[in-house]
There are 8 protein chains.
Amino acid sequence: MRPAELKALLRQVKLGKVAPDAAARRIAEAPVEQLGFAALDHQRALRTGFPEVVFGLGKTPAQIVAIVRKLHARHGVVLATRCDDAARAALRAEFPKAQVHEAARCVVLRTRAPRLVGRVLVLCAGTADLPVAEEALVTARTMGSRAELIADVGVAGLHRLLAHHERLRGARALIVVAGLEGALPSVVGGLTDRPLIAVPTSIGYGSHMRGVAPLLAMLNSCAAGVTVVNIDNGFGAGYAAHLINVGGGRSKR
Amino acid sequence: MRPAELKALLRQVKLGKVAPDAAARRIAEAPVEQLGFAALDHQRALRTGFPEVVFGLGKTPAQIVAIVRKLHARHGVVLATRCDDAARAALRAEFPKAQVHEAARCVVLRTRAPRLVGRVLVLCAGTADLPVAEEALVTARTMGSRAELIADVGVAGLHRLLAHHERLRGARALIVVAGLEGALPSVVGGLTDRPLIAVPTSIGYGSHMRGVAPLLAMLNSCAAGVTVVNIDNGFGAGYAAHLINVGGGRSKR
Amino acid sequence: MRPAELKALLRQVKLGKVAPDAAARRIAEAPVEQLGFAALDHQRALRTGFPEVVFGLGKTPAQIVAIVRKLHARHGVVLATRCDDAARAALRAEFPKAQVHEAARCVVLRTRAPRLVGRVLVLCAGTADLPVAEEALVTARTMGSRAELIADVGVAGLHRLLAHHERLRGARALIVVAGLEGALPSVVGGLTDRPLIAVPTSIGYGSHMRGVAPLLAMLNSCAAGVTVVNIDNGFGAGYAAHLINVGGGRSKR
Amino acid sequence: MRPAELKALLRQVKLGKVAPDAAARRIAEAPVEQLGFAALDHQRALRTGFPEVVFGLGKTPAQIVAIVRKLHARHGVVLATRCDDAARAALRAEFPKAQVHEAARCVVLRTRAPRLVGRVLVLCAGTADLPVAEEALVTARTMGSRAELIADVGVAGLHRLLAHHERLRGARALIVVAGLEGALPSVVGGLTDRPLIAVPTSIGYGSHMRGVAPLLAMLNSCAAGVTVVNIDNGFGAGYAAHLINVGGGRSKR
Amino acid sequence: MRPAELKALLRQVKLGKVAPDAAARRIAEAPVEQLGFAALDHQRALRTGFPEVVFGLGKTPAQIVAIVRKLHARHGVVLATRCDDAARAALRAEFPKAQVHEAARCVVLRTRAPRLVGRVLVLCAGTADLPVAEEALVTARTMGSRAELIADVGVAGLHRLLAHHERLRGARALIVVAGLEGALPSVVGGLTDRPLIAVPTSIGYGSHMRGVAPLLAMLNSCAAGVTVVNIDNGFGAGYAAHLINVGGGRSKR
Amino acid sequence: MRPAELKALLRQVKLGKVAPDAAARRIAEAPVEQLGFAALDHQRALRTGFPEVVFGLGKTPAQIVAIVRKLHARHGVVLATRCDDAARAALRAEFPKAQVHEAARCVVLRTRAPRLVGRVLVLCAGTADLPVAEEALVTARTMGSRAELIADVGVAGLHRLLAHHERLRGARALIVVAGLEGALPSVVGGLTDRPLIAVPTSIGYGSHMRGVAPLLAMLNSCAAGVTVVNIDNGFGAGYAAHLINVGGGRSKR
Amino acid sequence: MRPAELKALLRQVKLGKVAPDAAARRIAEAPVEQLGFAALDHQRALRTGFPEVVFGLGKTPAQIVAIVRKLHARHGVVLATRCDDAARAALRAEFPKAQVHEAARCVVLRTRAPRLVGRVLVLCAGTADLPVAEEALVTARTMGSRAELIADVGVAGLHRLLAHHERLRGARALIVVAGLEGALPSVVGGLTDRPLIAVPTSIGYGSHMRGVAPLLAMLNSCAAGVTVVNIDNGFGAGYAAHLINVGGGRSKR
Amino acid sequence: MRPAELKALLRQVKLGKVAPDAAARRIAEAPVEQLGFAALDHQRALRTGFPEVVFGLGKTPAQIVAIVRKLHARHGVVLATRCDDAARAALRAEFPKAQVHEAARCVVLRTRAPRLVGRVLVLCAGTADLPVAEEALVTARTMGSRAELIADVGVAGLHRLLAHHERLRGARALIVVAGLEGALPSVVGGLTDRPLIAVPTSIGYGSHMRGVAPLLAMLNSCAAGVTVVNIDNGFGAGYAAHLINVGGGRSKR
């Protein structure tokens with residue numbers, strides 16, 4: 001049960017539209033649903049503002065489908081990430097209305113489109129970083145943020161980036177995705193006063209060590225205000241950016 | 001020149017209190033001041049909302065004193081971090097009004113106390129993590145955030161943390177500082193919907209590898225919404241938390 | 001020859017049911033059986049309480065089948081771990097009565113069900129950690145421990161774990177399996193006074209480095225009483241937990 | 001309050017010797033005592049069987065003294081580990097009755113000698129491993145285990161070890177401390193059916209990497225039943241060995 | 001031209017059986033033969049006692065076949081290592097008389113069987129180490145050493161090794177192959193005064209890191225007289241052991 | 001637009017052959033061309049002397065074809081590197097005139113053959129290093145350098161290298177490609193006064209760690225004047241060598 | 001004997017000013033001078049264009065002084081790098097005319113000032129990188145290059161760098177020194193067509209790992225034409241830049 | 001008791017000069033002498049040909065002195081390595097006849113000079129590698145090998161090495177000591193057919209990682225017959241070289 005739902009329910013109780021006992025039962029619904037191979041944490045939406053996200057890595061397609069069905073039934077929205085080819089095929093077959101993002105390897109199943117708020121801006125350094133950038137984009141949008149992408153603005157051609165200077169300052173949170181040497185977050189960070197989440201990608205070879213090189217670079221960025229997520233973790237960046245994006249607004253709700 | 005100063009100046013021009021030429025001169029002041037060993041970036045305040053911070057590592061005390069003097073003269077506020085014993089002594093001798101934070105090894109010199117806004121909450125897992133937590137605290141406060149500290153709430157005694165549950169949700173940004181296995185951010189992250197910045201510390205031995213163990217743990221946190229800064233980088237966390245904390249408010253100014 | 005068999009044999013000698021010479025021959029059976037590619041250590045059961053376990057990695061299916069046959073003939077029970085698809089198929093074809101644990105990739109062949117004693121409790125943080133947890137479970141049970149599993153109780157949803165608090169204290173040895181940041185052993189370790197064996201798993205991506213991140217976290221756990229085995233080494237954890245579980249009882253047998 | 005104390009108190013309530021209200025107050029004593037720089041977890045004794053241990057690394061001598069005083073006052077026994085020269089001097093000055101173990105760098109302050117039970121055996125491979133072995137020994141004894149040490153039985157002279165074969169089997173838990181290549185746990189593990197905790201030490205040079213070499217060796221031991229703690233972590237090994245040593249007995253109390 | 005051939009040729013010159021000019025031409029044969037993709041170093045046999053060995057990794061089957069043909073034509077013996085399935089098939093098709101060692105992935109083509117001298121003893125810790133041990137065996141024999149193998153004598157069952165004690169001392173050079181924790185060389189090294197070459201293998205999982213764990217262990221062996229070659233480098237060990245084995249004898253030839 | 005083209009255009013303006021407005025339009029052509037998944041940096045030729053090179057890793061064949069078409073249309077020459085089998089097939093199908101270098105995995109499409117100048121010499125240590133050496137060769141030639149290759153001159157047969165001593169000194173820039181221990185650049189560097197670019201390759205096994213061993217060796221070379229590029233980065237070496245090769249001449253153009 | 005000296009000598013022979021025998025003796029002077037602890041390679045100047053440079057690390061002050069005296073006597077110029085405090089003091093005492101560069105820890109002793117040619121430009125990202133930048137500067141100048149320094153132009157304040165755009169293109173070789181994330185070479189590399197040598201520095205903390213972070217970043221730079229030297233290796237960069245700088249000119253001499 | 005002593009004793013028994021009982025007592029002397037902190041393995045001389053060597057690292061001066069006294073009393077010769085300043089001072093004070101090798105940090109105490117046999121040749125690449133080379137030299141000589149040193153023959157000046165070509169082939173075992181990139185063993189290995197032990201040293205900076213760079217290089221040497229010991233382990237190399245050196249001769253004794 002998401003916070004908005006809980007508040008709505010309580011308002012209905014206040015207005016006499018829902019009997020206290022019925023409301024209690026509904027709130028008291030088992031917060032953890034046991035599937036044997038998984039213990040679904042239905043309270044997470046209440047606690048953190050969004051239902052549990054399904055991390056597909058290491059799960060079988062059948063397990064993913066079962067979890068997605070349960071979460072969708074309870075919360076009306078599910079995001080599944082790191083779904084390999086078999087998992088995406090299974091989800092598409094099972095839930096024809098699911099939106100399947102092939103490059104980003106993630107799937108969204110939701111009953112109703114959210115009202116998007118604020119603005120999250122995702123930049124990526126090269127074409128090869130696009131799948132990770134898209135995972136961030138899909139995550140932020142699924143959670144309710146207005147989000148945009150600027151692709152292929154790596155530091156070897158600074159003018160491509162500088163052309164977007166205004167848009168940088170219009171965002172409430174920035175995500176910067178880069179492989180190779182991971183220099184883009186430092187340059188962008190020096191141009192803006194917005195919180196910036198850096199995402200290293202695993203594209204490179206040799207001493208790149210599948211993303212370790214840009215990860216270390218980003219952790220050592222000379223630009224203040226840069227924080228970092230795991231290699232290729234577009235989801236984590238999109239999630240955190242959404243929290244930042246709505247941060248200001250929430251206290252007023 | 002910080003954004004607020006610039007706006008104030010322009011308002012004065014509009015009101016006829018400052019002649020356009022004079023305003024132009026003042027705005028046009030050289031954005032980079034050359035000290036030979038340093039090129040002070042005075043425009044940074046305009047671009048990113050806060051003047052350049054002095055990173056003491058690798059600089060001589062004399063260099064630090066010279067840079068602090070120049071920045072203070074121009075912006076009215078300076079933060080110097082990673083100042084070793086000699087540097088702190090030199091700054092204290094030169095600027096008797098400077099606030100010197102011994103454990104956090106940082107120094108603040110400012111003309112006027114800022115009006116603190118919002119709320120940043122800093123948690124640390126153990127007593128040994130305090131110096132880093134304090135660096136975060138000092139940074140956030142110097143930049144203008146209201147900031148508080150909860151110390152010694154490591155995961156081996158969960159009730160110590162759970163007792164603070166309400167305060168977690170009252171913050172607009174969280175900073176979680178931990179050494180050893182770096183598990184605290186995951187536990188805190190599961191309890192709240194606030195953006196959370198994790199800071200690994202270098203306290204540990206053996207396979208801890210001076211902070212690499214908790215750094216990796218935090219990058220792989222199972223809690224969504226966690227971003228990470230470098231080992232012992234309290235400054236970076238405080239800076240980013242401040243940006244997040246004021247993020248919501250800025251768009252209304 | 002397992003210790004119990006040896007004692008039984010000696011009792012029979014004492015009772016005159018087995019002639020000393022016959023007993024001597026039986027005890028004197030070559031302690032090492034040479035297969036050319038392997039030297040089976042039949043004394044191990046005597047020395048360590050359980051016959052040699054077949055570690056399938058790097059062995060051909062034919063080698064595994066041959067070793068299993070010899071060990072089963074001598075000891076009545078064999079455990080083979082890390083059997084890939086081909087090895088499991090070969091064992092199933094050769095020994096129709098073998099129990100094949102697909103996810104855990106291990107195979108048990110035994111003549112008689114053991115009497116299970118004590119209690120070993122296996123917890124795992126996520127669905128993806130299940131195969132390793134099952135390897136631990138199968139190992140502990142095969143050796144003679146009563147063993148149970150609690151799945152999917154990761155630290156991002158603490159209430160799932162806290163609901164099992166009582167069961168934690170009812171066990172004589174705990175095994176905690178976790179991937180990602182490996183925080184679960186620290187949290188569990190803080191809730192109990194039972195010996196706890198932590199098992200990092202290789203599920204994760206990027207800076208997880210196939211299990212190095214949780215391995216380091218577990219080695220640096222702030223909870224006292226935690227010891228660690230190799231990445232994905234469910235077998236090692238199950239074996240050690242069994243020794244701990246029966247430890248108290250043995251001296252009385 | 002340790003479990004035994006709690007039970008004693010409850011018995012006194014049952015016998016009418018302590019009024020329920022007084023007992024309630026005593027049990028309800030704040031479980032966490034705030035020192036500003038530390039939050040003492042007094043419930044830990046209840047939860048895990050032993051009061052919080054003071055980990056000296058990263059704490060000032062004054063902080064350590066203050067924490068030791070508080071813990072001793074409440075629980076009657078304190079163990080402080082990783083105390084550097086200054087900390088040991090401060091503790092000795094403040095608590096003349098404290099037992100200071102110079103080589104092991106740990107300090108014990110207790111009101112009453114414990115009754116030692118069971119048997120923990122500590123082996124170390126070389127003279128240079130002695131300080132770590134002693135930390136394990138002191139820890140196990142302070143917690144209440146009977147514990148013994150066999151020094152300098154490295155694998156390059158196997159007969160030194162084989163001479164102690166009987167003592168290996170008389171222990172309920174083994175601790176094996178080794179630097180260099182860390183081979184001793186594998187050899188000992190092959191000789192016994194007792195749970196074995198391996199402790200790598202940081203003595204070595206070059207590719208030893210301050211203990212990483214024996215740590216990896218121990219994690220990959222071919223002997224089943226071996227679990228591992230952090231480099232130089234004699235404390236962790238002693239603590240876990242104590243839990244194993246008393247494990248069998250507890251369920252009968 | 002191998003040293004023996006050179007000496008034989010010169011003797012024939014002395015005896016008048018070969019004209020000086022003809023001998024000069026034969027000695028003067030281009031020491032480097034250019035194949036475009038390779039520059040065969042025919043002088044190596046003269047310089048180091050054995051013709052160039054073909055290292056198959058990174059070469060195409062066609063390249064390997066071409067090089068083998070040239071070397072065989074000139075020297076009468078060729079050893080090709082690290083030949084993958086395709087390369088071995090190509091060699092077998094091209095040179096029906098070649099000896100193909102499937103598990104060891106190496107191929108020997110020679111005109112005449114060598115007279116084997118001295119004694120090299122190869123030990124391996126487990127069945128999974130056999131392919132590497134065989135590569136060492138084949139190499140030593142191809143170069144002219146009498147060589148034997150003792151398999152599966154890992155340290156978890158010491159008696160298996162101790163049974164071979166006499167054979168250890170009968171060898172002039174020892175090769176000890178081990179994966180997992182790589183402890184066998186230390187134990188063997190403590191039992192003998194023979195030069196010992198340790199070979200780590202890549203069989204293991206998790207923190208084994210494909211052989212890094214035993215490599216580090218062997219480099220840090222507490223037994224003096226142990227030297228080490230690269231992970232899985234049976235060839236290098238066999239080659240060096242041969243040089244040691246014949247070392248004493250050569251100066252008399 | 002490459003510098004030469006720009007100068008030619010301006011000369012035509014001066015001569016009245018092109019109207020200033022037309023020239024302005026042509027120069028003003030959008031410097032960045034947006035393809036959605038890529039932002040082509042057409043100014044790079046002007047800025048750095050050569051059009052953007054297509055780095056194939058992480059791009060789909062369709063993306064590579066689209067980018068190659070655009071770059072070729074604008075600049076008359078394109079180099080695409082790291083093209084896997086599918087990408088090379090797609091490029092060959094689409095651009096029948098493209099030169100496809102199979103081993104080096106790179107493709108060149110150009111309208112006119114360049115006039116080659118200066119001299120770049122590429123050496124490689126072994127046959128397995130050839131593909132990387134060829135990538136360097138193709139790159140240097142495509143950019144306009146005369147370039148030659150000397151293959152298989154590893155340090156275990158020094159005379160093979162010393163035979164080429166004169167050619168070393170005739171080059172204006174040297175590229176030395178080596179796997180295994182990466183010693184060749186040090187030896188070559190000691191023989192010459194030419195700038196030398198070292199390229200480690202990933203061919204090796206075990207502790208080679210896919211090129212890390214020779215990379216570290218080259219970074220620590222005892223020969224002065226050696227600089228290093230990433231593992232297997234023949235392209236980077238060829239590009240830098242070309243810049244060095246033409247360096248002297250450019251200032252006169 | 002440097003090449004210029006050799007040519008001068010030969011011209012004098014041609015002109016009859018030096019007798020062939022005398023010239024032969026002078027050329028034939030022992031190319032290697034034995035000091036017991038060192039074998040001075042006097043031919044290096046002939047082979048590589050500059051006499052052997054004294055690398056002070058690991059040498060005693062007395063050894064350094066002895067080597068410097070010999071080299072200076074033979075060649076008229078010596079450069080000693082990595083001289084610690086004691087070594088610099090000893091050199092200053094022994095050779096009052098030596099130029100001692102304190103921050104760069106290097107010492108130059110020369111008889112005659114060189115004629116400086118071409119142009120090498122050294123940029124450094126921060127004040128803390130200055131000592132390494134100076135080592136590069138001193139090296140390039142000592143060898144005969146005109147060299148200049150631009151300090152403190154890190155990427156977080158791009159306008160500081162862009163202001164020097166023209167100077168970038170006026171150089172024949174660029175050296176870019178940076179610590180932290182090492183992004184500066186990529187940005188500079190995108191602005192110019194000059195060969196660029198990147199130098200990572202060890203200033204940073206935590207995951208910086210004493211320079212590994214910027215080293216990896218530079219090896220993975222997205223800007224073509226970047227080559228890299230070891231961490232803090234200003235000497236190596238200065239040496240290589242000098243070779244590049246004079247490269248164009250040499251072939252005409 | 002060393003083998004030669006044992007044989008001499010037995011001959012005396014045969015000749016009636018020593019009573020069998022007396023001989024038995026002498027042979028039966030406790031093979032392990034307990035010092036509390038050490039268990040001296042007096043049988044090692046019998047088993048491996050040389051008494052236990054004292055490895056000083058991690059031992060106190062008092063412990064080292066006590067062990068040296070015991071070993072000297074029993075065997076007449078002791079070698080102590082890795083003795084720091086305090087340990088060397090204590091040994092010199094206690095045993096005025098001890099030979100103290102300052103640079104090599106080792107001490108030899110012996111009653112009688114050994115007869116040196118065979119020939120071991122030690123080469124080192126630079127002056128900074130001398131202390132390690134000397135440790136190897138002292139070790140080989142103390143054990144009874146004739147041993148010589150050639151210093152400062154690094155690969156950047158090949159002619160220095162080639163001048164010693166004959167001496168290379170006159171040795172029965174080679175030790176090659178090198179820091180920096182560790183290329184010397186490969187070059188030497190290509191010039192000779194003698195067993196070669198490579199020793200990496202820790203002198204270097206940055207990516208040298210205190211010897212890891214040359215260690216990896218040596219493990220990946222392209223020269224066959226190269227084996228490797230730990231970083232800075234001159235002792236291990238000297239010991240192994242001695243075993244190889246005497247290997248041929250022993251079987252005839």
# chains A, B, ... in the order shown; residues from 1 in each chain; ligands from 1
$ closest_atom_pairs --of "chain F" --to "chain G" --cutoff "7 Å" --atoms "only C-alpha atoms" --output "CSV"
residue,atom,partner,partner_atom,distance
F:Arg47,CA,G:Thr192,CA,5.8
F:Thr48,CA,G:Asp193,CA,4.0
F:Gly49,CA,G:Asp193,CA,5.9
F:Arg172,CA,G:Gly247,CA,6.5
F:Leu191,CA,G:Arg47,CA,6.0
F:Thr192,CA,G:Thr48,CA,5.0
F:Asp193,CA,G:Thr48,CA,3.9
F:Arg194,CA,G:Leu243,CA,6.4
F:Pro195,CA,G:Leu243,CA,5.7
F:Leu219,CA,G:Asn230,CA,5.0
F:Asn220,CA,G:Asn230,CA,6.5
F:Ala224,CA,G:Gly236,CA,5.9
F:Gly225,CA,G:Ala240,CA,4.0
F:Val226,CA,G:Ala240,CA,6.5
F:Thr227,CA,G:Val229,CA,5.3
F:Val228,CA,G:Val228,CA,5.0
F:Val229,CA,G:Thr227,CA,5.3
F:Asn230,CA,G:Leu219,CA,5.0
F:Gly236,CA,G:Ala224,CA,5.9
F:Tyr239,CA,G:Gly225,CA,5.4
F:Ala240,CA,G:Gly225,CA,4.0
F:Leu243,CA,G:Pro195,CA,5.6
F:Ile244,CA,G:Pro195,CA,6.0
F:Gly247,CA,G:Gly248,CA,6.1
F:Gly248,CA,G:Gly248,CA,3.3
F:Gly249,CA,G:Gly248,CA,6.2
$ write_last_selection --atoms "N, CA and C atoms" --output "short mmCIF file (atom, residue, chain, number, x, y, z; two decimals), in the first residue's frame"
data_model
loop_
_atom_site.label_atom_id
_atom_site.label_comp_id
_atom_site.auth_asym_id
_atom_site.auth_seq_id
_atom_site.Cartn_x
_atom_site.Cartn_y
_atom_site.Cartn_z
N ARG F 47 39.50 20.41 -35.45
CA ARG F 47 40.17 20.61 -34.15
C ARG F 47 41.38 19.71 -34.00
N THR F 48 41.25 18.45 -34.44
CA THR F 48 42.31 17.49 -34.13
C THR F 48 42.98 16.92 -35.37
N GLY F 49 42.53 17.31 -36.57
CA GLY F 49 43.24 16.88 -37.76
C GLY F 49 42.72 15.62 -38.42
N ARG F 172 60.47 7.66 -37.32
CA ARG F 172 60.23 8.86 -36.52
C ARG F 172 59.40 8.56 -35.28
N LEU F 191 67.81 0.91 -27.28
CA LEU F 191 68.61 0.87 -28.51
C LEU F 191 68.42 2.09 -29.39
N THR F 192 67.54 3.00 -29.02
CA THR F 192 67.16 4.06 -29.95
C THR F 192 66.84 5.35 -29.22
N ASP F 193 66.79 6.44 -29.95
CA ASP F 193 66.39 7.73 -29.37
C ASP F 193 65.06 8.20 -29.96
N ARG F 194 64.27 7.28 -30.44
CA ARG F 194 62.99 7.65 -31.04
C ARG F 194 61.87 7.50 -30.01
N PRO F 195 60.84 8.36 -30.10
CA PRO F 195 59.70 8.18 -29.19
C PRO F 195 59.09 6.80 -29.41
N LEU F 219 54.63 0.27 -18.01
CA LEU F 219 54.55 1.52 -17.24
C LEU F 219 55.79 1.70 -16.37
N ASN F 220 56.46 0.60 -16.03
CA ASN F 220 57.63 0.66 -15.17
C ASN F 220 58.93 0.44 -15.95
N ALA F 224 63.98 5.15 -20.79
CA ALA F 224 63.30 6.44 -20.82
C ALA F 224 62.71 6.67 -22.21
N GLY F 225 61.64 7.44 -22.26
CA GLY F 225 61.04 7.78 -23.54
C GLY F 225 59.93 6.84 -23.95
N VAL F 226 59.59 5.91 -23.07
CA VAL F 226 58.52 4.97 -23.37
C VAL F 226 57.20 5.49 -22.79
N THR F 227 56.17 5.59 -23.62
CA THR F 227 54.83 5.87 -23.11
C THR F 227 53.94 4.70 -23.49
N VAL F 228 52.78 4.61 -22.85
CA VAL F 228 52.00 3.39 -22.90
C VAL F 228 50.55 3.69 -23.25
N VAL F 229 49.90 2.77 -23.96
CA VAL F 229 48.46 2.87 -24.18
C VAL F 229 47.78 1.65 -23.57
N ASN F 230 46.47 1.63 -23.62
CA ASN F 230 45.68 0.57 -22.99
C ASN F 230 45.99 -0.80 -23.63
N GLY F 236 44.96 3.29 -30.58
CA GLY F 236 45.50 4.44 -29.85
C GLY F 236 46.98 4.64 -30.13
N TYR F 239 47.37 6.03 -33.71
CA TYR F 239 46.94 7.42 -33.79
C TYR F 239 48.02 8.35 -33.22
N ALA F 240 48.50 8.00 -32.01
CA ALA F 240 49.51 8.84 -31.38
C ALA F 240 50.81 8.84 -32.19
N LEU F 243 50.54 11.24 -35.01
CA LEU F 243 50.68 12.64 -34.58
C LEU F 243 52.15 12.98 -34.36
N ILE F 244 52.89 12.04 -33.75
CA ILE F 244 54.32 12.27 -33.54
C ILE F 244 55.05 12.33 -34.88
N GLY F 247 54.44 15.49 -36.58
CA GLY F 247 54.61 16.64 -35.69
C GLY F 247 55.59 17.65 -36.22
N GLY F 248 56.77 17.20 -36.62
CA GLY F 248 57.77 18.14 -37.10
C GLY F 248 57.30 18.90 -38.33
N GLY F 249 56.65 18.17 -39.20
CA GLY F 249 56.28 18.79 -40.46
C GLY F 249 55.15 19.79 -40.37
#
$ residues_around --residues "Ala113 in chain G" --least-positions-apart "2" --cutoff "9 Å" --atoms "only C-alpha atoms" --output "list of chain:residue names"
G:Arg110, G:Thr111, G:Arg115, G:Leu116, G:Thr142, G:Gly144
$ write_last_selection --atoms "C-alpha atoms" --output "CSV table (one decimal), in the first residue's frame"
chain,number,residue,atom,x,y,z
G,110,ARG,CA,75.7,21.0,-16.3
G,111,THR,CA,78.7,22.9,-17.6
G,115,ARG,CA,70.1,25.9,-26.7
G,116,LEU,CA,66.4,25.3,-26.2
G,142,THR,CA,67.6,19.8,-19.3
G,144,GLY,CA,67.1,20.8,-24.6
$ atom_distance --atom1 "CA of Leu174 in chain A" --atom2 "CA of Arg146 in chain A"
12.1 Å
$ atom_distance --atom1 "CA of His72 in chain C" --atom2 "CA of Pro51 in chain C"
9.3 Å
$ closest_residue --among "F:Ala213, F:Val78, F:Ala38, F:Ala22" --to "Asp129 in chain A" --atoms "only C-alpha atoms"
F:Ala38
$ select_by_dssp --residues "range 33-65 of chain D" --states "strand (DSSP E)" --output "PyMOL selection string"
chain D and resi 33-34+39-41+54-55
$ write_last_selection --atoms "N, CA, C and O atoms" --output "tab-separated table (two decimals), in the first residue's frame"
chain	number	residue	atom	x	y	z
D	33	GLU	N	23.07	3.50	26.41
D	33	GLU	CA	23.55	4.62	27.21
D	33	GLU	C	24.31	5.57	26.29
D	33	GLU	O	25.26	5.17	25.61
D	34	GLN	N	23.88	6.82	26.26
D	34	GLN	CA	24.46	7.78	25.33
D	34	GLN	C	25.66	8.50	25.95
D	34	GLN	O	25.52	9.14	26.99
D	39	ALA	N	27.18	5.11	21.78
D	39	ALA	CA	25.86	4.72	22.30
D	39	ALA	C	26.02	3.28	22.78
D	39	ALA	O	25.96	2.35	21.99
D	40	LEU	N	26.25	3.11	24.08
D	40	LEU	CA	26.56	1.78	24.60
D	40	LEU	C	25.32	0.89	24.56
D	40	LEU	O	24.25	1.26	25.04
D	41	ASP	N	25.54	-0.29	24.01
D	41	ASP	CA	24.44	-1.22	23.77
D	41	ASP	C	24.39	-2.23	24.93
D	41	ASP	O	24.89	-3.34	24.82
D	54	VAL	N	35.01	-3.56	23.44
D	54	VAL	CA	35.49	-2.26	22.98
D	54	VAL	C	36.58	-2.48	21.93
D	54	VAL	O	37.64	-3.04	22.24
D	55	PHE	N	36.31	-2.03	20.73
D	55	PHE	CA	37.26	-2.15	19.63
D	55	PHE	C	38.05	-0.84	19.59
D	55	PHE	O	37.51	0.22	19.26
$ select_by_dssp --residues "range 47-251 of chain F" --states "alpha helix (DSSP H)" --output "number ranges by chain"
F: 47-48, 61-75, 85-94, 130-143, 158-162, 165-170, 184-189, 212-219, 234-250
$ residues_around --residues "Glu94 in chain A" --least-positions-apart "4" --cutoff "10 Å" --atoms "only C-alpha atoms" --output "number ranges by chain"
A: 65-66, 69, 88-90, 98
$ atom_distance --atom1 "CA of Gly76 in chain E" --atom2 "CA of Val108 in chain E"
10.7 Å
$ closest_atom_pairs --of "range 71-173 of chain H" --to "range 149-167 of chain F" --cutoff "12 Å" --atoms "only C-alpha atoms" --output "Markdown table"
| residue | atom | partner | partner_atom | distance |
| --- | --- | --- | --- | --- |
| H:Val155 | CA | F:Val155 | CA | 10.0 |
| H:Leu158 | CA | F:Leu158 | CA | 9.8 |
| H:His159 | CA | F:Leu162 | CA | 11.5 |
| H:Leu162 | CA | F:Leu158 | CA | 10.5 |
$ residues_around --residues "Arg105 in chain A" --least-positions-apart "6" --cutoff "9 Å" --atoms "only C-alpha atoms" --output "PyMOL selection string"
chain A and resi 80-85+88+131+135
